[in-house]
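Pasting target17.cif here (mmCIF, C-alpha atoms):
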```cif
data_structure
loop_
_atom_site.label_atom_id
_atom_site.label_comp_id
_atom_site.auth_asym_id
_atom_site.auth_seq_id
_atom_site.Cartn_x
_atom_site.Cartn_y
_atom_site.Cartn_z
CA MET A 1 74.33 78.66 149.81
CA LYS A 2 72.53 81.86 148.86
CA LYS A 3 74.28 83.84 151.59
CA ALA A 4 77.69 82.51 150.57
CA PHE A 5 76.98 83.37 146.93
CA LEU A 6 75.93 86.91 147.86
CA ILE A 7 79.11 87.46 149.89
CA LEU A 8 81.19 86.04 147.03
CA LEU A 9 79.52 88.33 144.51
CA GLY A 10 79.68 91.34 146.84
CA GLY A 11 83.43 90.88 147.30
CA LEU A 12 84.02 90.68 143.56
CA LEU A 13 81.92 93.78 142.94
CA LEU A 14 83.79 95.66 145.64
CA CYS A 15 87.12 94.63 144.10
CA THR A 16 86.01 95.83 140.66
CA ALA A 17 84.69 99.09 142.08
CA ALA A 18 87.93 99.72 144.00
CA PHE A 19 90.03 99.00 140.89
CA SER A 20 87.91 101.28 138.70
CA GLY A 21 87.78 104.08 141.26
CA PHE A 22 91.49 104.15 141.94
CA TYR A 23 92.32 103.84 138.24
CA TYR A 24 89.93 106.68 137.41
CA ILE A 25 91.31 108.95 140.13
CA GLY A 26 94.92 108.02 139.36
CA THR A 27 94.66 108.86 135.66
CA ALA A 28 92.36 111.89 136.04
CA SER A 29 95.08 114.53 135.68
CA CYS A 30 96.55 112.94 132.54
CA ARG A 31 93.13 112.50 130.95
CA SER A 32 92.32 116.11 131.75
CA MET A 33 95.56 117.25 130.04
CA MET A 34 94.77 115.11 127.00
CA ASN A 35 91.47 116.97 126.64
CA GLU A 36 93.10 120.43 126.75
CA PRO A 37 93.27 122.41 123.49
CA GLN A 38 97.09 122.20 123.67
CA PRO A 39 97.88 118.97 125.53
CA GLY A 40 101.66 119.37 125.17
CA LEU A 41 101.66 122.77 126.82
CA ALA A 42 99.20 121.60 129.49
CA TRP A 43 101.65 118.81 130.26
CA LEU A 44 104.52 121.36 130.47
CA LYS A 45 102.55 123.43 132.98
CA ASN A 46 101.77 120.41 135.11
CA GLU A 47 105.16 118.72 134.86
CA PHE A 48 107.25 121.83 135.65
CA LYS A 49 104.84 123.47 138.11
CA VAL A 50 104.40 126.60 135.99
CA SER A 51 102.17 129.31 137.48
CA ASP A 52 99.12 130.52 135.56
CA ALA A 53 100.75 133.89 134.73
CA ASP A 54 103.96 132.26 133.50
CA TYR A 55 101.95 129.68 131.60
CA ALA A 56 100.10 132.43 129.73
CA ARG A 57 103.46 133.94 128.70
CA ILE A 58 104.82 130.53 127.68
CA VAL A 59 101.73 129.90 125.53
CA GLN A 60 102.26 133.31 123.87
CA LEU A 61 105.90 132.55 123.26
CA HIS A 62 105.03 129.11 121.90
CA GLU A 63 102.46 130.52 119.50
CA ALA A 64 104.91 133.15 118.30
CA TYR A 65 107.58 130.48 117.75
CA LEU A 66 105.45 128.09 115.70
CA PRO A 67 104.99 130.16 112.48
CA LYS A 68 108.74 130.87 112.29
CA CYS A 69 109.47 127.20 112.92
CA GLY A 70 106.98 126.31 110.17
CA GLU A 71 108.77 128.63 107.71
CA ARG A 72 112.14 127.06 108.47
CA CYS A 73 110.71 123.56 108.13
CA GLN A 74 109.18 124.54 104.81
CA ARG A 75 112.55 125.87 103.62
CA ILE A 76 114.31 122.65 104.69
CA ALA A 77 111.67 120.57 102.90
CA GLU A 78 112.24 122.65 99.72
CA LEU A 79 115.99 122.18 100.00
CA ASN A 80 115.49 118.41 100.49
CA SER A 81 113.31 118.26 97.43
CA GLU A 82 115.81 120.23 95.34
CA LEU A 83 118.64 118.06 96.61
CA GLU A 84 116.80 114.87 95.66
CA LYS A 85 116.25 116.25 92.17
CA GLN A 86 119.92 117.20 91.75
CA VAL A 87 121.16 113.87 93.13
CA SER A 88 118.92 111.90 90.78
CA GLN A 89 120.50 113.69 87.78
CA ALA A 90 124.15 113.58 88.90
CA SER A 91 126.78 110.87 89.18
CA THR A 92 129.18 112.93 91.33
CA VAL A 93 128.83 115.62 93.99
CA THR A 94 128.40 118.66 91.79
CA PRO A 95 128.96 122.23 93.04
CA GLU A 96 125.15 122.69 93.03
CA ILE A 97 124.68 119.66 95.26
CA GLN A 98 127.44 120.86 97.58
CA LYS A 99 125.80 124.26 97.75
CA LEU A 100 122.42 122.72 98.60
CA LEU A 101 123.99 120.54 101.30
CA ASP A 102 125.65 123.63 102.80
CA GLN A 103 122.40 125.58 102.69
CA ARG A 104 120.48 122.75 104.34
CA ALA A 105 123.12 122.31 107.04
CA LYS A 106 123.02 126.06 107.68
CA MET A 107 119.24 126.02 107.84
CA ARG A 108 119.26 123.09 110.27
CA ALA A 109 121.86 124.83 112.42
CA ASP A 110 119.69 127.96 112.44
CA CYS A 111 116.71 125.82 113.43
CA GLU A 112 118.60 124.26 116.31
CA ALA A 113 119.86 127.66 117.48
CA GLU A 114 116.29 129.03 117.42
CA MET A 115 115.05 125.98 119.29
CA LEU A 116 117.75 126.31 121.90
CA SER A 117 116.95 129.98 122.29
CA HIS A 118 113.26 129.11 122.71
CA PHE A 119 114.01 126.45 125.32
CA LEU A 120 116.23 128.83 127.27
CA THR A 121 113.56 131.53 127.22
CA VAL A 122 110.91 129.06 128.38
CA SER A 123 113.17 127.79 131.17
CA ARG A 124 113.63 131.34 132.45
CA MET A 125 109.85 131.66 132.81
CA MET A 126 109.77 128.74 135.22
CA PRO A 127 110.78 128.64 138.87
CA PRO A 128 114.63 128.32 138.86
CA GLU A 129 114.76 124.68 139.96
CA GLN A 130 112.08 123.68 137.49
CA GLY A 131 113.78 125.67 134.72
CA LYS A 132 116.96 123.72 135.34
CA ARG A 133 115.07 120.45 135.32
CA TYR A 134 113.31 121.48 132.11
CA LEU A 135 116.63 122.13 130.36
CA GLN A 136 117.98 118.80 131.59
CA TRP A 137 114.91 117.06 130.24
CA VAL A 138 115.25 118.84 126.88
CA GLU A 139 118.89 117.77 126.67
CA GLN A 140 117.92 114.16 127.38
CA GLN A 141 115.61 114.21 124.40
CA ALA A 142 118.62 113.75 122.14
CA PHE A 143 118.09 116.42 119.53
CA LEU A 144 120.32 119.09 121.03
CA ASN A 145 123.34 116.81 121.37
CA GLY A 146 123.14 115.34 117.89
CA GLN A 147 122.30 111.86 119.12
CA ALA A 148 119.62 111.44 116.49
CA MET A 149 122.27 111.65 113.77
CA GLU A 150 124.84 109.61 115.67
CA ALA A 151 122.29 106.89 116.34
CA HIS A 152 122.42 105.92 112.67
CA HIS A 153 126.09 104.90 113.07
CA HIS A 154 125.57 102.54 116.03
CA MET B 1 86.52 29.29 182.32
CA LYS B 2 87.38 27.72 178.99
CA GLN B 3 84.93 24.91 179.69
CA ASN B 4 82.15 27.46 180.27
CA ASP B 5 82.92 29.19 176.97
CA ASP B 6 82.81 25.91 175.07
CA ARG B 7 79.52 25.00 176.66
CA ASP B 8 77.97 28.47 175.77
CA LYS B 9 79.20 28.12 172.23
CA GLY B 10 77.64 24.71 171.91
CA VAL B 11 74.31 26.00 173.25
CA LEU B 12 74.37 28.96 170.84
CA GLU B 13 75.08 26.71 167.85
CA HIS B 14 72.26 24.41 168.90
CA VAL B 15 69.80 27.34 169.21
CA LEU B 16 70.87 28.83 165.88
CA LYS B 17 70.40 25.48 164.11
CA GLN B 18 66.90 25.24 165.49
CA TRP B 19 66.03 28.91 164.56
CA VAL B 20 63.67 29.05 161.64
CA VAL B 21 62.80 32.39 160.04
CA ASP B 22 59.21 32.13 158.97
CA ALA B 23 58.63 35.83 158.05
CA PRO B 24 58.23 36.15 154.27
CA LEU B 25 60.71 38.30 152.31
CA PRO B 26 59.28 41.34 150.53
CA PRO B 27 58.57 40.74 146.83
CA GLY B 28 61.65 41.17 144.62
CA PHE B 29 63.97 41.30 147.63
CA GLN B 30 66.67 39.14 146.09
CA ASN B 31 66.59 41.01 142.80
CA ALA B 32 66.82 44.33 144.62
CA VAL B 33 69.86 43.15 146.54
CA TRP B 34 71.61 41.94 143.37
CA ASP B 35 70.76 45.23 141.62
CA ARG B 36 72.33 47.24 144.40
CA ILE B 37 75.46 45.09 144.31
CA ALA B 38 75.67 45.49 140.54
CA ARG B 39 75.25 49.28 140.75
CA ALA B 40 77.92 49.56 143.43
CA GLU B 41 80.34 47.60 141.22
CA VAL B 42 79.64 49.66 138.10
CA THR B 43 79.95 53.12 139.70
CA PRO B 44 82.48 53.10 142.47
CA PRO B 45 82.21 56.17 144.69
CA SER B 46 84.61 58.81 143.26
CA ALA B 47 86.49 61.47 145.20
CA PRO B 48 84.91 64.93 144.90
CA GLY B 49 86.64 67.22 142.36
CA PHE B 50 88.46 70.49 143.04
CA TRP B 51 85.48 72.70 142.20
CA ALA B 52 83.14 70.61 144.33
CA LEU B 53 85.53 70.88 147.25
CA LEU B 54 85.90 74.62 146.69
CA ALA B 55 82.15 75.09 146.48
CA ARG B 56 81.71 73.11 149.67
CA ALA B 57 84.42 75.13 151.45
CA VAL B 58 82.84 78.41 150.28
CA GLU B 59 79.41 77.27 151.29
CA MET B 60 80.60 76.21 154.72
CA ASN B 61 83.01 79.03 155.55
CA LEU B 62 81.97 82.21 153.76
CA PRO B 63 78.77 82.82 155.76
CA ARG B 64 80.91 82.90 158.91
CA PRO B 65 81.52 86.59 159.78
CA LYS B 66 85.29 86.29 160.26
CA PHE B 67 85.79 84.62 156.88
CA ALA B 68 83.38 87.00 155.17
CA TRP B 69 85.20 90.09 156.49
CA ALA B 70 88.60 88.65 155.63
CA TYR B 71 87.45 87.78 152.11
CA VAL B 72 85.92 91.21 151.48
CA THR B 73 88.95 93.03 152.94
CA ILE B 74 91.41 91.05 150.83
CA LEU B 75 89.43 91.66 147.65
CA LEU B 76 89.13 95.36 148.48
CA LEU B 77 92.90 95.61 148.96
CA VAL B 78 93.52 93.73 145.73
CA GLY B 79 91.22 96.16 143.90
CA VAL B 80 92.86 99.25 145.43
CA LEU B 81 96.40 98.02 144.81
CA SER B 82 95.86 96.83 141.26
CA GLY B 83 93.89 100.01 140.40
CA THR B 84 96.68 102.21 141.76
CA LEU B 85 99.41 100.28 139.94
CA ALA B 86 97.49 100.28 136.66
CA ALA B 87 96.85 104.03 137.01
CA GLN B 88 100.54 104.70 137.68
CA ARG B 89 101.57 102.72 134.61
CA GLU B 90 99.01 104.45 132.43
CA SER B 91 99.95 107.90 133.80
CA THR B 92 103.62 107.26 133.05
CA ARG B 93 102.72 106.24 129.52
CA MET B 94 100.47 109.27 128.97
CA ASN B 95 103.03 111.66 130.47
CA ALA B 96 105.69 110.35 128.09
CA ALA B 97 103.29 110.72 125.16
CA LEU B 98 102.41 114.29 126.18
CA GLY B 99 106.07 115.22 126.60
CA ALA B 100 106.83 113.83 123.15
CA ARG B 101 103.90 115.79 121.75
CA TYR B 102 105.26 119.01 123.26
CA LEU B 103 108.70 118.40 121.75
CA LYS B 104 107.22 117.48 118.41
CA SER B 105 105.39 120.81 118.32
CA ILE B 106 108.70 122.65 118.72
CA ASP B 107 110.87 120.35 116.66
CA PRO B 108 108.89 118.68 113.88
CA PHE B 109 111.97 116.63 112.93
CA HIS B 110 112.32 115.23 116.41
CA ARG B 111 111.97 111.47 116.61
CA SER B 112 110.85 110.07 119.92
CA PRO B 113 112.09 106.58 120.92
CA SER B 114 108.65 105.18 120.06
CA ASP B 115 108.81 106.46 116.45
#
```
As a first step, turn the structure in this file into structure tokens.
Amino acid sequence: MKKAFLILLGGLLLCTAAFSGFYYIGTASCRSMMNEPQPGLAWLKNEFKVSDADYARIVQLHEAYLPKCGERCQRIAELNSELEKQVSQASTVTPEIQKLLDQRAKMRADCEAEMLSHFLTVSRMMPPEQGKRYLQWVEQQAFLNGQAMEAHHH
Amino acid sequence: MKQNDDRDKGVLEHVLKQWVVDAPLPPGFQNAVWDRIARAEVTPPSAPGFWALLARAVEMNLPRPKFAWAYVTILLLVGVLSGTLAAQRESTRMNAALGARYLKSIDPFHRSPSD
């Protein structure tokens, strides 16, 4: 009985050890990326096989892009706030409201153009095949083809 | 032949009728017999349950080398396979989360499907 119990226990321990080991090894790269200072960029490097030199340039580009993006977002938030204020005081679409809507649309269009420009620049820093795949992936994410807006109507 | 059988039977009956058992019965013999009959009637022998059968099968078969190796190999394979599948699922989930995080850093207004 003792021998049978030991074999039974040994098998279960081996099963648990195999599960844990393979799970640990299989998720190691993702966990390592999660612990990077910039996990999103670490993922980009890994996913699109970016070389170290190109990665350094992409990080530079990314860091240069963020403050400008932050300024545009801030401007859009201000326009949203102003628009809310105007709408709460009006019963029709006043010229001021129309002007704010135009400004916000222009600002959003500028944002999208800057984003597209950034994506294209980043794609050029990757190996050609990976750059193409990167742009395809970006397109699938719905915000360059206006799907996010259209989704509200379906 | 039949006559011989009848004669033997008659002799046997005669001997049995004359046979007197003079050895005394142990004390409480009759009571013990009735007790055993009563116990047998109250608790009829039940079939062993699933776990008892399993325990018996494990006890009998697992110490045999062939069964032991087969058992350990199967459990090892189950561990490897389930660990690999779980890791793949988790990696896919983490990759999607990291991709969404990258996009969010470039487009703060971007809404991922999970939002």
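The list of residues with at least one atom within 10 Å of B:Leu76, based on all atoms listed in the file and without residues fewer than 4 positions apart in the same chain, reads Gly11, Leu12, Leu13, Leu14, Cys15, Thr16, Ala17, Ala18 and Phe19 of chain A; Ala70, Tyr71, Val72, Val80, Leu81 and Ser82 of chain B.
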Expected answer as an mmCIF file with C-alpha atoms, in the frame of the given file: chain B residues within 8 Å of chain A, all atoms listed in the file:
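Final file, out.cif:
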```
data_model
loop_
_atom_site.group_PDB
_atom_site.id
_atom_site.type_symbol
_atom_site.label_atom_id
_atom_site.label_comp_id
_atom_site.auth_asym_id
_atom_site.auth_seq_id
_atom_site.Cartn_x
_atom_site.Cartn_y
_atom_site.Cartn_z
ATOM 1 C CA VAL B 58 82.840 78.410 150.280
ATOM 2 C CA GLU B 59 79.410 77.270 151.290
ATOM 3 C CA LEU B 62 81.970 82.210 153.760
ATOM 4 C CA PRO B 63 78.770 82.820 155.760
ATOM 5 C CA ALA B 68 83.380 87.000 155.170
ATOM 6 C CA TYR B 71 87.450 87.780 152.110
ATOM 7 C CA VAL B 72 85.920 91.210 151.480
ATOM 8 C CA LEU B 75 89.430 91.660 147.650
ATOM 9 C CA LEU B 76 89.130 95.360 148.480
ATOM 10 C CA LEU B 77 92.900 95.610 148.960
ATOM 11 C CA VAL B 78 93.520 93.730 145.730
ATOM 12 C CA GLY B 79 91.220 96.160 143.900
ATOM 13 C CA VAL B 80 92.860 99.250 145.430
ATOM 14 C CA LEU B 81 96.400 98.020 144.810
ATOM 15 C CA SER B 82 95.860 96.830 141.260
ATOM 16 C CA GLY B 83 93.890 100.010 140.400
ATOM 17 C CA THR B 84 96.680 102.210 141.760
ATOM 18 C CA ALA B 86 97.490 100.280 136.660
ATOM 19 C CA ALA B 87 96.850 104.030 137.010
ATOM 20 C CA GLN B 88 100.540 104.700 137.680
ATOM 21 C CA GLU B 90 99.010 104.450 132.430
ATOM 22 C CA SER B 91 99.950 107.900 133.800
ATOM 23 C CA MET B 94 100.470 109.270 128.970
ATOM 24 C CA ASN B 95 103.030 111.660 130.470
ATOM 25 C CA LEU B 98 102.410 114.290 126.180
ATOM 26 C CA GLY B 99 106.070 115.220 126.600
ATOM 27 C CA ALA B 100 106.830 113.830 123.150
ATOM 28 C CA ARG B 101 103.900 115.790 121.750
ATOM 29 C CA TYR B 102 105.260 119.010 123.260
ATOM 30 C CA LEU B 103 108.700 118.400 121.750
ATOM 31 C CA SER B 105 105.390 120.810 118.320
ATOM 32 C CA ILE B 106 108.700 122.650 118.720
ATOM 33 C CA ASP B 107 110.870 120.350 116.660
ATOM 34 C CA PRO B 108 108.890 118.680 113.880
ATOM 35 C CA HIS B 110 112.320 115.230 116.410
ATOM 36 C CA ARG B 111 111.970 111.470 116.610
ATOM 37 C CA SER B 112 110.850 110.070 119.920
#
```
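Using only C-alpha atoms for every distance, the candidate list A:Ala64, A:Leu100, A:Ala113, A:Met125 yields A:Leu100 as the residue closest to A:Ile76.
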So that I can see what lies close to stretch 48-57 of chain A, please list as a PDB file with C-alpha atoms, in the coordinates of the input the residues with an atom at most 9 Å from it, counting all atoms listed in the file and leaving out residues fewer than 6 positions away in the same chain.
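So out-v5.pdb came out as:
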```pdb
ATOM      1  CA  LEU A  41     101.660 122.770 126.820  1.00  0.00           C
ATOM      2  CA  ALA A  42      99.200 121.600 129.490  1.00  0.00           C
ATOM      3  CA  VAL A 122     110.910 129.060 128.380  1.00  0.00           C
ATOM      4  CA  MET A 125     109.850 131.660 132.810  1.00  0.00           C
ATOM      5  CA  MET A 126     109.770 128.740 135.220  1.00  0.00           C
ATOM      6  CA  PRO A 127     110.780 128.640 138.870  1.00  0.00           C
ATOM      7  CA  GLN A 130     112.080 123.680 137.490  1.00  0.00           C
ATOM      8  CA  GLY A 131     113.780 125.670 134.720  1.00  0.00           C
ATOM      9  CA  ARG A 133     115.070 120.450 135.320  1.00  0.00           C
ATOM     10  CA  TYR A 134     113.310 121.480 132.110  1.00  0.00           C
TER      11      TYR A 134
END
```
Enclose the full set of atoms of stretch 63-77 of chain B listed in the file within a box whose edges lie along x, y and z, apply 4 Å of padding to each of the six sides, and report centre and edge lengths in Å to one decimal as lines of an AutoDock Vina configuration file.
```
center_x = 85.8
center_y = 89.2
center_z = 154.0
size_x = 22.1
size_y = 20.8
size_z = 20.6
```
